[in-house]
Structures are given as C-alpha cells and as structure tokens.
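Following: one structure in structure tokens, then a few remarks.
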Amino acid sequence: MKQVDAYFLDTSSQVSRDWDLPEFQEAIVADLSGKRLYCSRYVRMQYKATLLNALIVLHNLLVDSEDPVDALQRSDRRMELRRAKGRGTPREGKLVRDAGCRLLRMYPSRYRTKEEILDSLQELIEGGWEDLFEHDLGTPLCDETGCARAAGAPVRDDLGYYEPVNAACNLRQPQDCGIRDFWNRHGLDLVALAESDVSDLPPSKARKQMSSIAEGAARIQEGESPQGKRCSVDMSDAVIAIESRHTPEPAAVHTLDGDFAPIGKALNIDVRVFGSTPPHGSPEVA
Amino acid sequence: MTRSDQGKAGFAHACVESVPAGAYGIQGSKRLWDLSLRMSHRLEQLEARVADIRRGDRTGNWEIMGEILGSTNQLGLFDSARPGGALPEALIRYLASAAAAGALPPRGMYSVAAHIAVSACAGWFGQIHGQRAPAPYGSLSALAWRGTLTSVLDDFSRLQSAFRDVDKRLIACAHLERSLGKLERSVPGERFKYLRWVVCSLRAALNFNYSEELSDASLRAFKQAIDMIREKGAGLSREGWRGIRRQLLRSGLSLVPTSKRAVAEYGHQGAADETG
C-alpha cells in the first residue's frame with residue numbers, strides 16, 4: 001500500500017477519534033499520528049449535526065428532569081421507544097449519547113449538582129465541539145461546497161432549551177450555497193459516478209449506496225437540483241471524496257465507513273478505510 | 001454589640017458615608033465598589049503571605065501572622081469566617097488573642113490561621129456586596145468566590161510541588177478537583193459563563209484523565225488556566241475560554257467522558273449493544 005503523509009478526515013473518523021471507546025480511539029489516533037490532517041466545512045456540517053443533536057437532546061432532557069438519574073432513565077426510555085418504532089440512530093450519534101450518559105452517571109460522586117452537568121454539556125454545545133473538531137487540523141478548512149448549514153451556532157431559548165440543529169437540506173427551501181458550482185466544476189467526476197458499474201459489487205449496503213450515488217449523479221447531469229436530500233444524504237460521501245483533492249498536498253480520505261471504497265475506486269481517489277470491520281458492528285442506517 | 005460587630009459596622013458605615021446622600025444608584029454602587037476593590041488589594045496581600053507561609057518561608061512569620069490576625073480581628077472579620085465548620089470559634093479567638101499577646105501559637109497553626117484570615121476577608125466582602133452593592137461594570141455580584149479561589153491556588157501550588165511524586169500527585173489532584181468544584185458553584189449566572197467554563201474544563205481534565213498520566217505539558221496548561229482565572233476573573237472572554245481548552249487538548253488531555261478513566265469508572269453501553 002502506498003505511503004500516506006496526509007489524511008482528509010471523513011465525519012466517521014472525526015467523531016471516532018474523540019468519541020469512540022478508548023482502545024479504538026487510541027488505535028485511530030496512532031494511525032493518524034505523524035500525518036498532516038485536513039478537513040472541510042462540509043464535514044464540519046455533518047459532524048455538527050451528529051454531535052450537537054445528540055448532546056442537545058441530552059441537555060434538554062436534563063433541563064426537564066428532576067435530577068441526572070431521572071434524565072438518564074428518560075434517555076434510556078427514549079432510545080427504547082425509537083427502537084420499538086423501528087427507528088435507529090446512527091452509530092456516531094450513539095457514541096456521543098453514551099459519552100453524555102457517562103457524564104450523567106458521574107452524579108453525585110463527581111458532579112454534585114444537575115447544574116454542573118448542564119454546564120459541561122453547554123460548554124460542549126456552545127463551542128467545545130469545535131475545539132475537538134479542529135484539534136490537530138493543519139490549515140483552514142477546505143470549502144469547496146460553500147455549505148450554508150455549516151455556519152451558525154446552536155440557539156438556546158429563554159427557558160434554557162437548545163433548538164436541535166437542522167442539518168438536513170430542504171429542496172423546498174434551498175440554501176444559498178455553492179453546490180451547483182461544485183458539480184459544474186467537477187463535471188468529469190459526475191460522469192464517472194453516473195457511469196460507475198455496481199454489478200461487480202456484492203449485494204451489500206455499499207452497493208445500494210453506490211447505486212444511489214450513480215442515480216443522483218445522472219439526475220444532476222440531466223439538470224436536476226443537486227441540493228436538498230441529494231446533497232446532504234445521497235451524494236454526501238462522493239462530495240467528501242472529491243473535496244479531498246483540494247487539500248494543499250495529496251491526501252487520502254480517512255474513514256471508518258466501508259461504503260467509501262467503491263467511491264474511491266470510481267473516482268480514482270485514495271481511500272483508507274480504518275479497520276476492515278468497525279469494532280462495534282456495522283454502522284446502522286438512520 | 002460585640003467588638004467585631006462594631007468593627008464591621010464601623011467599616012460598613014465608612015463605606016456608606018462615602019456615598020453621597022440619595023445616590024444609591026449607579027454612582028453609589030460605584031463608590032462602594034471602589035472601596036471594596038481597595039480592600040480586595042489588602043486581601044491579595046494576605047493571600048501572598050499565606051503563599052509565603054505555605055512555601056515554608058518561616059522568617060519573621062510571627063510578625064506577619066500577628067499583623068494578619070490583628071488587622072483581621074480589628075476589622076471584625078472573624079465573625080464572618082466560615083472555614084467549613086472545621087475550626088471552632090474558640091480556636092479562632094485563641095489565635096487572635098495569641099497574636100495580640102505576642103505569644104507563639106503551636107507550630108502548623110500559621111497557615112491555618114492565615115487561611116482563616118483570608119476566608120474571613122472573602123466572606124465579609126461577599127456579605128457587603130451581597131447586601132449593599134449590586135454588581136456594577138460586569139463584575140461578580142459577590143466576592144465570596146475569592147476565598148475559594150485562594151483554596152484553588154493553594155491546591156494548585158501543592159500539585160506543582162507534589163508533581164514528581166505520583167502518590168502525592170493523586171491526592172493533590174483530588175484536592176484541586178474538589179476546590180475547583182466549589183469555585184464553579186460560587187460563580188453564578190449566565191454573565192460569567194466563560195469563567196465558569198474554564199473551571200469546568202479544568203475539572204473535566206482532572207476527572208477524565210488518570211493523575212498518573214499527567215505530563216509536564218498538562219501541568220503547564222493547568223498553570224496557564226489558573227493564572228488566567230486569577231488575572232481575568234469575571235472578565236474572562238469566549239476567546240480566553242477557547243484558548244484554554246485548546247491548550248489542554250494540545251497537552252494530550254481528554255476533555256470528553258470517553259477517556260480510559262471515564263469508561264473504566266462509569267462504564268459504557270457500546271454502540272453495537274443498542275443497535276436495535
């Protein structure tokens with residue numbers, strides 16, 4: 001395998017390097033150590049949505065609860081309810097929730113009041129997350145898409161609740177962003193994605209994902225809007241892979257998501273999927 | 001009215017007298033505040049002396065102690081001393097009378113007595129500000145936190161001196177974490193959140209990382225944070241708070257509850273366990 005000096009971090013790598021279990025974190029940090037690290041505003045938007053929404057749910061539950069023990073029980077019930085309804089939570093979201101719950105379990109041995117835990121959560125929500133995201137990144141974030149959802153801070157109302165971050169792009173209310181220009185500039189990539197052959201992939205989530213990307217690319221070529229769900233969900237991995245070409249030096253995409261591999265192959269981009277299988281099972285689709 | 005009450009009333013009267021009649025608005029508060037700032041300068045002198053005594057500089061300490069206890073007693077501040085109920089009133093009185101008579105209190109009482117004196121001053125400032133002066137110019141409404149800050153500074157210097165000895169370091173870290181907790185609780189409200197969050201970050205660093213694994217870089221980052229709390233206090237900005245966080249992260253400390261220590265002590269459910 002070719003020696004890599006720089007990595008472009010995907011959302012799963014960004015989340016796991018801080019929020020995964022210690023042994024896994026250590027392995028990722030060791031893998032990244034000595035390399036120059038890059039990232040983008042588009043990844044920042046995804047990271048923000050994943051992390052902040054998990055923390056905001058926990059914060060709001062705690063504001064609404066008598067004490068952290070009550071909040072912990074309510075959080076567990078909420079997860080059970082979601083499962084009963086057949087609604088999953090992305091693996092990254094679960095990692096953050098677990099870490100937050102650990103904070104609640106520190107009551108009353110380490111944190112004596114509910115307010116102290118609220119402070120810790122607020123600190124993370126109102127900017128602490130950015131320090132984690134930007135930690136060890138070399139240069140300003142790459143900004144090829146001009147993602148409008150990456151900007152903005154979480155808003156807290158008079159009652160002390162934070163509003164969930166809305167990262168899902170809505171086609172009916174399109175944002176003023178640069179995604180159209182992005183795909184205009186990367187017309188050849190769009191052709192490569194639209195014409196990618198998924199028949200050699202085994203039936204899997206990666207194959208389904210690649211088919212969806214190929215279909216999305218074909219639609220954009222036909223003149224349909226690249227905004228909305230097409231940008232924030234269907235084509236998101238392809239956008240990240242292409243952005244990795246715009247770093248100051250050649251960088252491989254670093255990810256935990258095996259779905260990136262066929263995208264890298266179609267676009268001739270170096271993708272390093274960390275670990276052949278994620279340590280806690282395959283990521284669950286929301 | 002006891003002597004100490006008279007002293008307290010006397011000083012409070014002096015404060016009120018210096019305020020023009022009928023001007024208890026912003027101007028009155030400002031005058032009262034300025035006076036208290038002068039007193040807080042005195043408190044800093046006392047704190048410095050406590051630090052000297054803690055460092056083991058015993059030269060002339062009886063004179064220093066006599067002065068501290070004498071001036072503190074004169075102002076009637078002992079009544080407001082609340083050293084966690086650990087020391088009985090009789091002992092405080094004994095130390096004060098020993099100081100007045102020039103008698104030497106038992107060895108080891110210097111720092112205890114000095115600590116009481118500082119706590120007394122801080123408690124008294126807190127009372128004055130809590131009762132009479134609303135917070136002008138974005139400062140804290142009560143200066144009670146200064147007393148706790150003194151404990152933090154003391155605990156931090158203890159950590160610095162014990163840093164090479166891992167056993168002692170463990171204890172020093174636990175003490176520092178506890179006094180930081182008290183400091184955090186003594187800084188109320190949304191207005192001072194950045195000050196509180198710096199304290200919160202320091203507590204996270206102490207809570208989530210094993211004391212044995214702290215490095216020299218971590219200690220430097222702690223020092224930077226504590227110096228900033230001491231210098232800027234209520235005036236700490238968002239940039240200051242973010243700078244401290246970044247410094248702590250750069251020194252290799254974990255600030256999120258996913259560290260080895262947090263997981264070992266508070267468990268994990270594991271993402272896969274919940275996949276439903």
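Here's how to read the names in the structure tokens: chain A, B, ... by the order shown, residue numbers from 1 in each chain, ligand numbers from 1 in the order shown.
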
Test item: chain A residues at most 8 Å from chain B, counting only C-alpha atoms, as a count of residues only: 33

Within 8 Å of Leu190 in chain A using only C-alpha atoms, minus same-chain residues under 5 positions, as a ChimeraX atom specification: /A:183,217-218,221

Could those residues be written to a file, using N, CA, C and O atoms, as a short mmCIF file (atom, residue, chain, number, x, y, z; two decimals), in the first residue's frame?
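Below you can see part-v4.cif, which holds the result:
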```
data_model
loop_
_atom_site.label_atom_id
_atom_site.label_comp_id
_atom_site.auth_asym_id
_atom_site.auth_seq_id
_atom_site.Cartn_x
_atom_site.Cartn_y
_atom_site.Cartn_z
N TRP A 183 -20.55 21.03 -8.55
CA TRP A 183 -20.74 19.95 -9.53
C TRP A 183 -20.43 20.43 -10.95
O TRP A 183 -19.99 19.65 -11.79
N ALA A 217 -26.01 11.22 -9.48
CA ALA A 217 -25.10 11.90 -10.42
C ALA A 217 -25.76 12.05 -11.78
O ALA A 217 -25.67 13.11 -12.43
N ALA A 218 -26.48 10.99 -12.19
CA ALA A 218 -27.16 11.04 -13.50
C ALA A 218 -28.24 12.14 -13.49
O ALA A 218 -28.37 12.90 -14.46
N GLN A 221 -26.68 15.52 -13.76
CA GLN A 221 -26.25 15.72 -15.15
C GLN A 221 -27.42 16.15 -16.03
O GLN A 221 -27.27 16.95 -16.94
#
```

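The environment of Leu170 in chain B within 12 Å, counting only C-alpha atoms and disregarding residues fewer than 3 places along the same chain, consists of Asp155, Arg158, Leu159, Gln160, Ala162, Phe163, Arg164, Asp165, Val166, Asp167, Cys173, Ala174, His175, Leu176, Glu177, Leu206, Asn207, Asn209, Tyr210, Ser211, Glu212, Glu213 and Leu214 of chain B.
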
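For range 200-286 of chain A, a DSSP pass over the backbone yields strand (DSSP E) at Ala252, Val253, His254, Thr255, Val271, Arg272 and Val273 of chain A.
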
Output C-alpha atoms of each residue in that selection to a file, as a JSON list (two decimals), in the first residue's frame.
```json
[["chain", "number", "residue", "atom", "x", "y", "z"],
["A", 252, "ALA", "CA", -6.03, 10.07, 1.30],
["A", 253, "VAL", "CA", -9.59, 10.01, 2.64],
["A", 254, "HIS", "CA", -9.55, 8.54, 6.15],
["A", 255, "THR", "CA", -12.85, 6.92, 7.08],
["A", 271, "VAL", "CA", -9.42, 5.94, 0.42],
["A", 272, "ARG", "CA", -8.21, 4.34, 3.64],
["A", 273, "VAL", "CA", -11.00, 2.54, 5.46]]
```

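One distance worth recording is that between CA of Gly264 in chain A and CA of Ser232 in chain A, which is 18.8 Å.
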